[in-house]
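Asks: If you scroll down you'll find the structure; I have some questions about it.
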Amino acid sequence: MVLNKNKIVLASLIGIIGVSFASIFIKECANVPSIVLSMYRLDIAAFILLLMNFINKNKLFPLSRKELLLGFASGVFLALHFYFWIASLKYTSIASSVVLVSTNPFFVVVLSLILMKEKISPKVVIALIASFVGTVIITASDGNLLSEKIDKTALFGDILAIIGAFSVSFYFIIGSKLRKNMDTNRYVTLVYTFAAIFITILAIFANEDIIHYSSRDFSFIFLLAIVPQLIGHTAFNWALKYLKATAVAITTLGEIIGSTMLAYIFFQQTINLWQFIGILFIMSAIVISFRYGKV
């Protein structure tokens with residue numbers, strides 16, 4: 001159990017660090033449409049996984065009809081999450097976008113209660129409240145939602161981020177169900193592949209240019225597929241075996257901390273006192289989730 005606990009903490013930290021780079025890489029690809037970024041992120045990740053499984057002769061099948069359907073649904077919600085969230089970064093600040101897309105724990109709690117009849121530990125509820133307080137503080141300090149004059153462009157981006165949060169909540173709920181009997185490799189290969197197929201079809205129908213971008217853009221696109229997706233998301237998916245979906249969702253809030261710090265380093269977006277206080281609340285929520293959110 002101690003070993004598993006250490007592994008859970010390590011995997012979660014790797015996940016947090018990995019996904020924290022997503023907003024940075026996306027901001028560096030300002031000329032690439034959101035749906036194209038989402039497509040390449042998932043296509044590259046899925047291709048690498050399929051290639052590795054082929055080389056290692058791993059058996060991905062047989063899969064039951066239920067597993068295939070759930071895997072497809074999870075992939076669709078993951079693709080929609082990336083599309084809406086990446087689109088939000090074109091309209092609002094990194095801080096607001098990351099904070100609002102990270103409201104997914106609240107959706108996960110509601111969906112867990114309704115769909116899975118899952119009991120929520122009182123201590124996890126405390127973590128949820130702490131994460132909510134931290135989220136509100138950081139959002140308020142960013143000024144997009146609570147300023148006297150609302151920036152309509154930023155507000156549109158904020159709404160897109162919330163839709164992205166709702167989508168990823170279903171991804172976590174379905175993932176927690178599939179991961180009970182499916183190993184990490186089979187799960188991520190299945191879901192990332194379905195997500196890649198779905199988002200590629202959307203990109204084709206959107207009639208966006210998917211080729212004519214700079215080598216610099218493609219470099220950051222490749223990094224987006226490797227670091228946040230293959231490393232970050234896969235680490236969280238590994239943790240779904242040992243933590244409840246709510247706990248994993250709360251843990252992903254660490255992205256707020258990582259992205260805010262990276263935005264300060266790369267884009268000189270300042271971290272004020274209120275953001276720092278909000279970060280402390282979120283860190284407390286993550287610690288409680290590690291301790292009391294086990295399956």
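In the structure tokens, the first chain shown is A, the next is B, and so on; residue numbers restart at 1 for each chain, and ligands run from 1 in the order shown.
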List every residue of region 229-263 of chain A that has an atom at most 8 Å from any atom of region 7-22 of chain A, giving for each one its closest atom pair and the distance in Å to one decimal, counting only C-alpha atoms, sorted by chain and then by ascending residue number, as a tab-separated table.
Replies:
residue	atom	partner	partner_atom	distance
A:Gln229	CA	A:Val19	CA	7.1
A:Ile231	CA	A:Gly18	CA	6.0
A:Gly232	CA	A:Gly15	CA	3.8
A:His233	CA	A:Gly15	CA	6.1
A:Thr234	CA	A:Gly15	CA	7.4
A:Ala235	CA	A:Gly15	CA	5.0
A:Phe236	CA	A:Gly15	CA	5.6
A:Trp238	CA	A:Ala11	CA	7.4
A:Ala239	CA	A:Ile8	CA	6.0
A:Tyr242	CA	A:Ile8	CA	7.4
A:Thr251	CA	A:Ser12	CA	7.0
A:Thr252	CA	A:Ile16	CA	6.2
A:Leu253	CA	A:Ile16	CA	8.0
A:Gly254	CA	A:Ile16	CA	5.5
A:Glu255	CA	A:Ser20	CA	4.8
A:Ile256	CA	A:Ser20	CA	7.3
A:Ile257	CA	A:Ser20	CA	7.9
A:Gly258	CA	A:Ser20	CA	5.0
A:Ser259	CA	A:Ser20	CA	4.7
A:Leu262	CA	A:Phe21	CA	7.4
Asks: Limited to all heavy atoms, could you put the picked residues into a file as a short mmCIF file (atom, residue, chain, number, x, y, z; two decimals), in the first residue's frame?
Replies:
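result_35.cif written:
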data_model
loop_
_atom_site.label_atom_id
_atom_site.label_comp_id
_atom_site.auth_asym_id
_atom_site.auth_seq_id
_atom_site.Cartn_x
_atom_site.Cartn_y
_atom_site.Cartn_z
N GLN A 229 -0.10 15.25 -23.46
CA GLN A 229 -0.99 14.14 -23.79
C GLN A 229 -0.42 12.78 -23.37
O GLN A 229 -0.96 12.11 -22.49
CB GLN A 229 -1.30 14.14 -25.29
CG GLN A 229 -2.39 13.16 -25.68
CD GLN A 229 -3.70 13.48 -25.00
OE1 GLN A 229 -4.06 14.63 -24.86
NE2 GLN A 229 -4.40 12.46 -24.53
N ILE A 231 2.32 11.95 -21.80
CA ILE A 231 2.88 11.88 -20.45
C ILE A 231 1.84 12.33 -19.42
O ILE A 231 1.50 11.58 -18.50
CB ILE A 231 4.15 12.75 -20.33
CG1 ILE A 231 5.25 12.19 -21.26
CG2 ILE A 231 4.64 12.77 -18.88
CD1 ILE A 231 6.52 13.03 -21.29
N GLY A 232 1.31 13.54 -19.58
CA GLY A 232 0.40 14.10 -18.58
C GLY A 232 -0.91 13.34 -18.44
O GLY A 232 -1.23 12.83 -17.36
N HIS A 233 -1.67 13.24 -19.52
CA HIS A 233 -2.97 12.59 -19.46
C HIS A 233 -2.85 11.10 -19.13
O HIS A 233 -3.68 10.55 -18.41
CB HIS A 233 -3.73 12.78 -20.78
CG HIS A 233 -4.65 13.95 -20.75
ND1 HIS A 233 -5.99 13.85 -20.49
CD2 HIS A 233 -4.42 15.27 -20.93
CE1 HIS A 233 -6.55 15.04 -20.52
NE2 HIS A 233 -5.61 15.93 -20.78
N THR A 234 -1.82 10.46 -19.67
CA THR A 234 -1.65 9.03 -19.41
C THR A 234 -1.35 8.79 -17.94
O THR A 234 -1.80 7.79 -17.35
CB THR A 234 -0.53 8.46 -20.29
OG1 THR A 234 -0.87 8.66 -21.67
CG2 THR A 234 -0.35 6.96 -20.04
N ALA A 235 -0.60 9.69 -17.31
CA ALA A 235 -0.32 9.55 -15.88
C ALA A 235 -1.62 9.64 -15.07
O ALA A 235 -1.83 8.86 -14.13
CB ALA A 235 0.67 10.62 -15.44
N PHE A 236 -2.48 10.58 -15.42
CA PHE A 236 -3.77 10.69 -14.72
C PHE A 236 -4.65 9.46 -14.96
O PHE A 236 -5.35 9.00 -14.07
CB PHE A 236 -4.52 11.95 -15.17
CG PHE A 236 -3.96 13.22 -14.61
CD1 PHE A 236 -3.76 14.33 -15.41
CD2 PHE A 236 -3.65 13.33 -13.25
CE1 PHE A 236 -3.26 15.51 -14.89
CE2 PHE A 236 -3.13 14.50 -12.71
CZ PHE A 236 -2.94 15.60 -13.54
N TRP A 238 -3.56 6.49 -15.48
CA TRP A 238 -3.02 5.42 -14.63
C TRP A 238 -3.59 5.54 -13.22
O TRP A 238 -3.99 4.55 -12.60
CB TRP A 238 -1.50 5.50 -14.59
CG TRP A 238 -0.87 4.45 -13.72
CD1 TRP A 238 -0.48 3.20 -14.08
CD2 TRP A 238 -0.59 4.55 -12.30
NE1 TRP A 238 0.01 2.50 -12.99
CE2 TRP A 238 -0.03 3.31 -11.90
CE3 TRP A 238 -0.75 5.56 -11.35
CZ2 TRP A 238 0.36 3.07 -10.58
CZ3 TRP A 238 -0.36 5.31 -10.04
CH2 TRP A 238 0.18 4.09 -9.68
N ALA A 239 -3.66 6.77 -12.72
CA ALA A 239 -4.14 7.01 -11.35
C ALA A 239 -5.61 6.66 -11.18
O ALA A 239 -6.06 6.40 -10.05
CB ALA A 239 -3.90 8.47 -10.96
N TYR A 242 -6.60 3.73 -9.06
CA TYR A 242 -6.40 3.74 -7.61
C TYR A 242 -7.13 4.89 -6.90
O TYR A 242 -7.31 4.84 -5.69
CB TYR A 242 -4.90 3.83 -7.30
CG TYR A 242 -4.10 2.78 -8.02
CD1 TYR A 242 -3.44 3.07 -9.21
CD2 TYR A 242 -4.05 1.47 -7.54
CE1 TYR A 242 -2.73 2.09 -9.90
CE2 TYR A 242 -3.34 0.48 -8.23
CZ TYR A 242 -2.69 0.80 -9.40
OH TYR A 242 -1.99 -0.17 -10.08
N THR A 251 -7.17 16.49 -8.44
CA THR A 251 -5.71 16.48 -8.63
C THR A 251 -5.31 17.25 -9.88
O THR A 251 -4.28 17.93 -9.90
CB THR A 251 -5.20 15.03 -8.70
OG1 THR A 251 -5.54 14.35 -7.50
CG2 THR A 251 -3.69 15.01 -8.88
N THR A 252 -6.13 17.16 -10.93
CA THR A 252 -5.80 17.86 -12.16
C THR A 252 -5.78 19.37 -11.99
O THR A 252 -5.26 20.10 -12.83
CB THR A 252 -6.78 17.51 -13.30
OG1 THR A 252 -8.10 17.96 -12.96
CG2 THR A 252 -6.80 16.01 -13.56
N LEU A 253 -6.36 19.85 -10.87
CA LEU A 253 -6.34 21.29 -10.60
C LEU A 253 -4.92 21.80 -10.39
O LEU A 253 -4.67 23.00 -10.41
CB LEU A 253 -7.19 21.62 -9.37
CG LEU A 253 -8.69 21.36 -9.50
CD1 LEU A 253 -9.40 21.74 -8.21
CD2 LEU A 253 -9.29 22.12 -10.67
N GLY A 254 -3.99 20.86 -10.18
CA GLY A 254 -2.60 21.25 -10.09
C GLY A 254 -2.12 21.94 -11.35
O GLY A 254 -1.14 22.70 -11.34
N GLU A 255 -2.86 21.71 -12.46
CA GLU A 255 -2.52 22.38 -13.72
C GLU A 255 -2.63 23.89 -13.58
O GLU A 255 -1.89 24.64 -14.22
CB GLU A 255 -3.45 21.89 -14.84
CG GLU A 255 -3.14 22.52 -16.18
CD GLU A 255 -4.04 21.99 -17.29
OE1 GLU A 255 -4.87 21.10 -17.02
OE2 GLU A 255 -3.90 22.47 -18.43
N ILE A 256 -3.57 24.34 -12.74
CA ILE A 256 -3.71 25.78 -12.52
C ILE A 256 -2.42 26.36 -11.97
O ILE A 256 -1.94 27.40 -12.41
CB ILE A 256 -4.86 26.07 -11.53
CG1 ILE A 256 -6.19 25.58 -12.09
CG2 ILE A 256 -4.94 27.56 -11.20
CD1 ILE A 256 -7.33 25.68 -11.10
N ILE A 257 -1.85 25.65 -10.99
CA ILE A 257 -0.62 26.10 -10.37
C ILE A 257 0.53 26.09 -11.38
O ILE A 257 1.24 27.08 -11.55
CB ILE A 257 -0.26 25.21 -9.16
CG1 ILE A 257 -1.40 25.24 -8.13
CG2 ILE A 257 1.06 25.65 -8.53
CD1 ILE A 257 -1.25 24.21 -7.03
N GLY A 258 0.67 24.95 -12.06
CA GLY A 258 1.76 24.82 -13.02
C GLY A 258 1.66 25.80 -14.17
O GLY A 258 2.65 26.45 -14.54
N SER A 259 0.45 25.93 -14.74
CA SER A 259 0.27 26.83 -15.88
C SER A 259 0.47 28.29 -15.50
O SER A 259 1.03 29.08 -16.26
CB SER A 259 -1.14 26.65 -16.47
OG SER A 259 -1.27 25.36 -17.03
N LEU A 262 4.18 28.81 -15.18
CA LEU A 262 4.83 28.78 -16.49
C LEU A 262 4.48 30.04 -17.29
O LEU A 262 5.31 30.55 -18.04
CB LEU A 262 4.42 27.52 -17.26
CG LEU A 262 4.99 26.21 -16.72
CD1 LEU A 262 4.37 25.02 -17.44
CD2 LEU A 262 6.52 26.18 -16.88
#
Asks: List every residue of region 64-199 of chain A that DSSP, applied to the backbone of this structure, places in helix (DSSP H, G or I), and write the result as a short mmCIF file (atom, residue, chain, number, x, y, z; two decimals) with N, CA and C atoms, in the first residue's frame.
Replies:
data_model
loop_
_atom_site.label_atom_id
_atom_site.label_comp_id
_atom_site.auth_asym_id
_atom_site.auth_seq_id
_atom_site.Cartn_x
_atom_site.Cartn_y
_atom_site.Cartn_z
N ARG A 65 -18.11 -5.56 -26.51
CA ARG A 65 -18.90 -4.51 -27.16
C ARG A 65 -19.08 -3.31 -26.23
N LYS A 66 -19.30 -3.59 -24.94
CA LYS A 66 -19.48 -2.52 -23.96
C LYS A 66 -18.20 -1.70 -23.82
N GLU A 67 -17.05 -2.36 -23.79
CA GLU A 67 -15.77 -1.67 -23.67
C GLU A 67 -15.52 -0.77 -24.89
N LEU A 68 -15.86 -1.28 -26.07
CA LEU A 68 -15.68 -0.50 -27.29
C LEU A 68 -16.57 0.74 -27.29
N LEU A 69 -17.82 0.56 -26.88
CA LEU A 69 -18.76 1.68 -26.86
C LEU A 69 -18.34 2.73 -25.83
N LEU A 70 -17.95 2.26 -24.64
CA LEU A 70 -17.49 3.20 -23.61
C LEU A 70 -16.20 3.89 -24.02
N GLY A 71 -15.30 3.13 -24.67
CA GLY A 71 -14.05 3.71 -25.15
C GLY A 71 -14.30 4.77 -26.20
N PHE A 72 -15.26 4.50 -27.08
CA PHE A 72 -15.62 5.48 -28.11
C PHE A 72 -16.19 6.75 -27.47
N ALA A 73 -17.10 6.57 -26.51
CA ALA A 73 -17.72 7.71 -25.82
C ALA A 73 -16.67 8.53 -25.10
N SER A 74 -15.75 7.86 -24.41
CA SER A 74 -14.68 8.55 -23.69
C SER A 74 -13.82 9.35 -24.66
N GLY A 75 -13.50 8.74 -25.80
CA GLY A 75 -12.70 9.42 -26.81
C GLY A 75 -13.38 10.65 -27.37
N VAL A 76 -14.68 10.56 -27.62
CA VAL A 76 -15.44 11.70 -28.14
C VAL A 76 -15.41 12.86 -27.13
N PHE A 77 -15.65 12.54 -25.86
CA PHE A 77 -15.65 13.61 -24.85
C PHE A 77 -14.25 14.21 -24.68
N LEU A 78 -13.20 13.38 -24.81
CA LEU A 78 -11.84 13.90 -24.72
C LEU A 78 -11.56 14.86 -25.88
N ALA A 79 -11.99 14.46 -27.08
CA ALA A 79 -11.79 15.31 -28.26
C ALA A 79 -12.53 16.63 -28.11
N LEU A 80 -13.77 16.58 -27.64
CA LEU A 80 -14.56 17.80 -27.45
C LEU A 80 -13.93 18.69 -26.38
N HIS A 81 -13.40 18.06 -25.33
CA HIS A 81 -12.72 18.82 -24.27
C HIS A 81 -11.56 19.63 -24.85
N PHE A 82 -10.72 18.97 -25.65
CA PHE A 82 -9.57 19.66 -26.22
C PHE A 82 -10.01 20.77 -27.17
N TYR A 83 -11.01 20.48 -27.99
CA TYR A 83 -11.46 21.47 -28.96
C TYR A 83 -11.94 22.75 -28.27
N PHE A 84 -12.84 22.60 -27.29
CA PHE A 84 -13.41 23.77 -26.63
C PHE A 84 -12.38 24.49 -25.76
N TRP A 85 -11.53 23.70 -25.06
CA TRP A 85 -10.56 24.34 -24.19
C TRP A 85 -9.49 25.09 -24.99
N ILE A 86 -8.95 24.44 -26.03
CA ILE A 86 -7.93 25.09 -26.85
C ILE A 86 -8.51 26.34 -27.52
N ALA A 87 -9.77 26.25 -27.94
CA ALA A 87 -10.43 27.42 -28.53
C ALA A 87 -10.52 28.56 -27.51
N SER A 88 -10.76 28.22 -26.26
CA SER A 88 -10.90 29.26 -25.22
C SER A 88 -9.63 30.07 -25.05
N ILE A 94 -4.61 32.79 -20.06
CA ILE A 94 -4.25 31.44 -19.63
C ILE A 94 -4.84 31.17 -18.25
N ALA A 95 -4.75 32.16 -17.35
CA ALA A 95 -5.23 31.96 -15.98
C ALA A 95 -6.72 31.64 -15.96
N SER A 96 -7.54 32.45 -16.63
CA SER A 96 -8.99 32.22 -16.64
C SER A 96 -9.34 30.91 -17.32
N SER A 97 -8.72 30.65 -18.47
CA SER A 97 -9.02 29.44 -19.22
C SER A 97 -8.72 28.19 -18.42
N VAL A 98 -7.52 28.13 -17.83
CA VAL A 98 -7.11 26.95 -17.07
C VAL A 98 -7.97 26.79 -15.82
N VAL A 99 -8.28 27.90 -15.16
CA VAL A 99 -9.10 27.83 -13.95
C VAL A 99 -10.50 27.32 -14.27
N LEU A 100 -11.12 27.87 -15.30
CA LEU A 100 -12.50 27.51 -15.62
C LEU A 100 -12.62 26.09 -16.17
N VAL A 101 -11.64 25.66 -16.97
CA VAL A 101 -11.69 24.28 -17.47
C VAL A 101 -11.44 23.31 -16.32
N ASN A 104 -13.99 21.12 -13.62
CA ASN A 104 -14.51 19.77 -13.89
C ASN A 104 -14.78 18.92 -12.64
N PRO A 105 -14.05 19.10 -11.51
CA PRO A 105 -14.38 18.28 -10.33
C PRO A 105 -15.83 18.44 -9.87
N PHE A 106 -16.39 19.65 -10.04
CA PHE A 106 -17.76 19.88 -9.61
C PHE A 106 -18.74 19.11 -10.50
N PHE A 107 -18.44 19.06 -11.80
CA PHE A 107 -19.26 18.28 -12.71
C PHE A 107 -19.08 16.78 -12.44
N VAL A 108 -17.85 16.39 -12.13
CA VAL A 108 -17.57 14.97 -11.85
C VAL A 108 -18.36 14.50 -10.63
N VAL A 109 -18.41 15.33 -9.59
CA VAL A 109 -19.16 14.97 -8.38
C VAL A 109 -20.64 14.74 -8.71
N VAL A 110 -21.22 15.68 -9.44
CA VAL A 110 -22.64 15.57 -9.80
C VAL A 110 -22.89 14.33 -10.64
N LEU A 111 -22.04 14.10 -11.64
CA LEU A 111 -22.20 12.94 -12.52
C LEU A 111 -21.98 11.63 -11.77
N SER A 112 -21.02 11.63 -10.82
CA SER A 112 -20.75 10.43 -10.02
C SER A 112 -21.96 10.07 -9.16
N LEU A 113 -22.59 11.09 -8.60
CA LEU A 113 -23.77 10.86 -7.76
C LEU A 113 -24.95 10.37 -8.59
N ILE A 114 -25.13 10.94 -9.78
CA ILE A 114 -26.28 10.60 -10.62
C ILE A 114 -26.08 9.30 -11.38
N LEU A 115 -24.93 9.16 -12.04
CA LEU A 115 -24.71 8.03 -12.94
C LEU A 115 -24.14 6.80 -12.25
N PRO A 122 -16.79 12.78 3.14
CA PRO A 122 -16.88 14.15 3.66
C PRO A 122 -15.57 14.92 3.51
N LYS A 123 -14.44 14.21 3.64
CA LYS A 123 -13.15 14.87 3.52
C LYS A 123 -12.86 15.27 2.07
N VAL A 124 -13.37 14.46 1.14
CA VAL A 124 -13.22 14.83 -0.27
C VAL A 124 -14.10 16.04 -0.58
N VAL A 125 -15.24 16.12 0.10
CA VAL A 125 -16.11 17.29 -0.05
C VAL A 125 -15.37 18.55 0.42
N ILE A 126 -14.63 18.40 1.52
CA ILE A 126 -13.81 19.52 2.03
C ILE A 126 -12.78 19.93 0.97
N ALA A 127 -12.17 18.92 0.33
CA ALA A 127 -11.19 19.20 -0.73
C ALA A 127 -11.86 19.92 -1.89
N LEU A 128 -13.08 19.49 -2.19
CA LEU A 128 -13.83 20.12 -3.28
C LEU A 128 -14.12 21.58 -2.96
N ILE A 129 -14.51 21.85 -1.71
CA ILE A 129 -14.80 23.22 -1.28
C ILE A 129 -13.52 24.07 -1.36
N ALA A 130 -12.42 23.49 -0.88
CA ALA A 130 -11.14 24.22 -0.91
C ALA A 130 -10.74 24.53 -2.34
N SER A 131 -10.95 23.56 -3.25
CA SER A 131 -10.60 23.79 -4.65
C SER A 131 -11.50 24.85 -5.26
N PHE A 132 -12.78 24.86 -4.83
CA PHE A 132 -13.72 25.86 -5.34
C PHE A 132 -13.31 27.26 -4.88
N VAL A 133 -12.95 27.38 -3.60
CA VAL A 133 -12.51 28.68 -3.07
C VAL A 133 -11.28 29.16 -3.82
N GLY A 134 -10.32 28.25 -4.02
CA GLY A 134 -9.11 28.62 -4.74
C GLY A 134 -9.40 29.04 -6.17
N THR A 135 -10.32 28.31 -6.81
CA THR A 135 -10.71 28.63 -8.19
C THR A 135 -11.34 30.02 -8.28
N VAL A 136 -12.27 30.31 -7.35
CA VAL A 136 -12.95 31.61 -7.34
C VAL A 136 -11.96 32.74 -7.12
N ILE A 137 -11.04 32.55 -6.18
CA ILE A 137 -10.05 33.59 -5.87
C ILE A 137 -9.18 33.90 -7.08
N ILE A 138 -8.70 32.85 -7.75
CA ILE A 138 -7.82 33.07 -8.90
C ILE A 138 -8.59 33.70 -10.05
N THR A 139 -9.82 33.24 -10.29
CA THR A 139 -10.63 33.80 -11.37
C THR A 139 -10.93 35.27 -11.11
N ALA A 140 -11.30 35.59 -9.88
CA ALA A 140 -11.61 36.98 -9.53
C ALA A 140 -10.39 37.87 -9.70
N SER A 141 -9.24 37.35 -9.30
CA SER A 141 -8.02 38.16 -9.39
C SER A 141 -7.61 38.38 -10.84
N ASP A 142 -8.02 37.44 -11.73
CA ASP A 142 -7.69 37.60 -13.15
C ASP A 142 -8.52 38.71 -13.77
N LYS A 152 -16.31 41.09 -23.57
CA LYS A 152 -17.14 40.08 -24.22
C LYS A 152 -16.30 38.99 -24.90
N THR A 153 -15.14 39.37 -25.41
CA THR A 153 -14.26 38.39 -26.04
C THR A 153 -13.75 37.40 -25.00
N ALA A 154 -13.29 37.94 -23.86
CA ALA A 154 -12.80 37.07 -22.79
C ALA A 154 -13.93 36.22 -22.22
N LEU A 155 -15.13 36.79 -22.13
CA LEU A 155 -16.27 36.05 -21.61
C LEU A 155 -16.61 34.86 -22.51
N PHE A 156 -16.51 35.06 -23.82
CA PHE A 156 -16.75 33.97 -24.77
C PHE A 156 -15.74 32.85 -24.55
N GLY A 157 -14.48 33.26 -24.35
CA GLY A 157 -13.44 32.26 -24.07
C GLY A 157 -13.70 31.53 -22.77
N ASP A 158 -14.20 32.25 -21.76
CA ASP A 158 -14.52 31.63 -20.48
C ASP A 158 -15.63 30.59 -20.63
N ILE A 159 -16.64 30.90 -21.46
CA ILE A 159 -17.74 29.96 -21.68
C ILE A 159 -17.24 28.70 -22.38
N LEU A 160 -16.36 28.88 -23.36
CA LEU A 160 -15.78 27.72 -24.06
C LEU A 160 -15.01 26.83 -23.08
N ALA A 161 -14.29 27.45 -22.14
CA ALA A 161 -13.51 26.70 -21.15
C ALA A 161 -14.44 25.88 -20.25
N ILE A 162 -15.59 26.45 -19.88
CA ILE A 162 -16.54 25.74 -19.03
C ILE A 162 -17.13 24.53 -19.77
N ILE A 163 -17.42 24.71 -21.08
CA ILE A 163 -17.91 23.57 -21.88
C ILE A 163 -16.83 22.49 -21.94
N GLY A 164 -15.57 22.92 -22.04
CA GLY A 164 -14.46 21.96 -22.02
C GLY A 164 -14.40 21.21 -20.71
N ALA A 165 -14.71 21.89 -19.61
CA ALA A 165 -14.72 21.26 -18.28
C ALA A 165 -15.82 20.20 -18.20
N PHE A 166 -16.99 20.52 -18.73
CA PHE A 166 -18.11 19.58 -18.71
C PHE A 166 -17.77 18.34 -19.53
N SER A 167 -17.13 18.52 -20.67
CA SER A 167 -16.76 17.40 -21.54
C SER A 167 -15.76 16.47 -20.88
N VAL A 168 -14.72 17.05 -20.26
CA VAL A 168 -13.69 16.21 -19.66
C VAL A 168 -14.20 15.46 -18.43
N SER A 169 -15.28 15.96 -17.83
CA SER A 169 -15.88 15.27 -16.69
C SER A 169 -16.41 13.90 -17.09
N PHE A 170 -17.07 13.83 -18.23
CA PHE A 170 -17.56 12.54 -18.74
C PHE A 170 -16.39 11.61 -19.06
N TYR A 171 -15.30 12.19 -19.57
CA TYR A 171 -14.09 11.43 -19.88
C TYR A 171 -13.53 10.77 -18.62
N PHE A 172 -13.50 11.49 -17.51
CA PHE A 172 -13.02 10.93 -16.25
C PHE A 172 -13.97 9.88 -15.69
N ILE A 173 -15.28 10.14 -15.78
CA ILE A 173 -16.27 9.19 -15.25
C ILE A 173 -16.20 7.87 -16.00
N ILE A 174 -16.18 7.93 -17.33
CA ILE A 174 -16.11 6.71 -18.14
C ILE A 174 -14.77 6.02 -17.92
N GLY A 175 -13.71 6.83 -17.82
CA GLY A 175 -12.38 6.25 -17.60
C GLY A 175 -12.28 5.47 -16.30
N SER A 176 -12.88 5.99 -15.24
CA SER A 176 -12.82 5.30 -13.95
C SER A 176 -13.53 3.96 -14.02
N LYS A 177 -14.56 3.87 -14.87
CA LYS A 177 -15.30 2.61 -15.02
C LYS A 177 -14.49 1.60 -15.84
N LEU A 178 -13.89 2.06 -16.93
CA LEU A 178 -13.12 1.16 -17.78
C LEU A 178 -11.82 0.71 -17.13
N THR A 184 -3.66 0.26 -18.29
CA THR A 184 -3.47 1.63 -18.77
C THR A 184 -3.20 1.69 -20.27
N ASN A 185 -2.31 0.81 -20.75
CA ASN A 185 -1.94 0.83 -22.16
C ASN A 185 -3.14 0.60 -23.07
N ARG A 186 -3.93 -0.41 -22.77
CA ARG A 186 -5.10 -0.70 -23.60
C ARG A 186 -6.10 0.45 -23.54
N TYR A 187 -6.28 1.00 -22.34
CA TYR A 187 -7.26 2.08 -22.18
C TYR A 187 -6.87 3.32 -22.96
N VAL A 188 -5.64 3.81 -22.76
CA VAL A 188 -5.25 5.05 -23.43
C VAL A 188 -5.15 4.86 -24.95
N THR A 189 -4.71 3.68 -25.39
CA THR A 189 -4.64 3.42 -26.83
C THR A 189 -6.04 3.44 -27.44
N LEU A 190 -6.97 2.79 -26.77
CA LEU A 190 -8.36 2.76 -27.24
C LEU A 190 -8.97 4.16 -27.29
N VAL A 191 -8.87 4.88 -26.18
CA VAL A 191 -9.52 6.18 -26.07
C VAL A 191 -8.85 7.24 -26.95
N TYR A 192 -7.51 7.31 -26.93
CA TYR A 192 -6.83 8.30 -27.75
C TYR A 192 -7.09 8.06 -29.24
N THR A 193 -7.17 6.78 -29.64
CA THR A 193 -7.42 6.46 -31.05
C THR A 193 -8.82 6.88 -31.47
N PHE A 194 -9.81 6.56 -30.66
CA PHE A 194 -11.18 6.98 -30.98
C PHE A 194 -11.28 8.51 -31.00
N ALA A 195 -10.62 9.16 -30.04
CA ALA A 195 -10.63 10.62 -29.98
C ALA A 195 -9.98 11.21 -31.24
N ALA A 196 -8.87 10.60 -31.67
CA ALA A 196 -8.16 11.07 -32.87
C ALA A 196 -9.03 10.94 -34.11
N ILE A 197 -9.71 9.81 -34.25
CA ILE A 197 -10.58 9.59 -35.41
C ILE A 197 -11.71 10.62 -35.43
N PHE A 198 -12.32 10.82 -34.27
CA PHE A 198 -13.47 11.75 -34.16
C PHE A 198 -13.05 13.18 -34.48
N ILE A 199 -11.96 13.65 -33.89
CA ILE A 199 -11.55 15.04 -34.09
C ILE A 199 -11.03 15.25 -35.52
#
Asks: Find the distance between CA of Leu224 (chain A) and CA of Phe281 (chain A) and write it in Å to one decimal.
Replies: 28.1 Å
Asks: Do you have the CA of Ser38 (chain A)-CA of His212 (chain A) distance handy?
Replies: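 It comes out at 16.0 Å.
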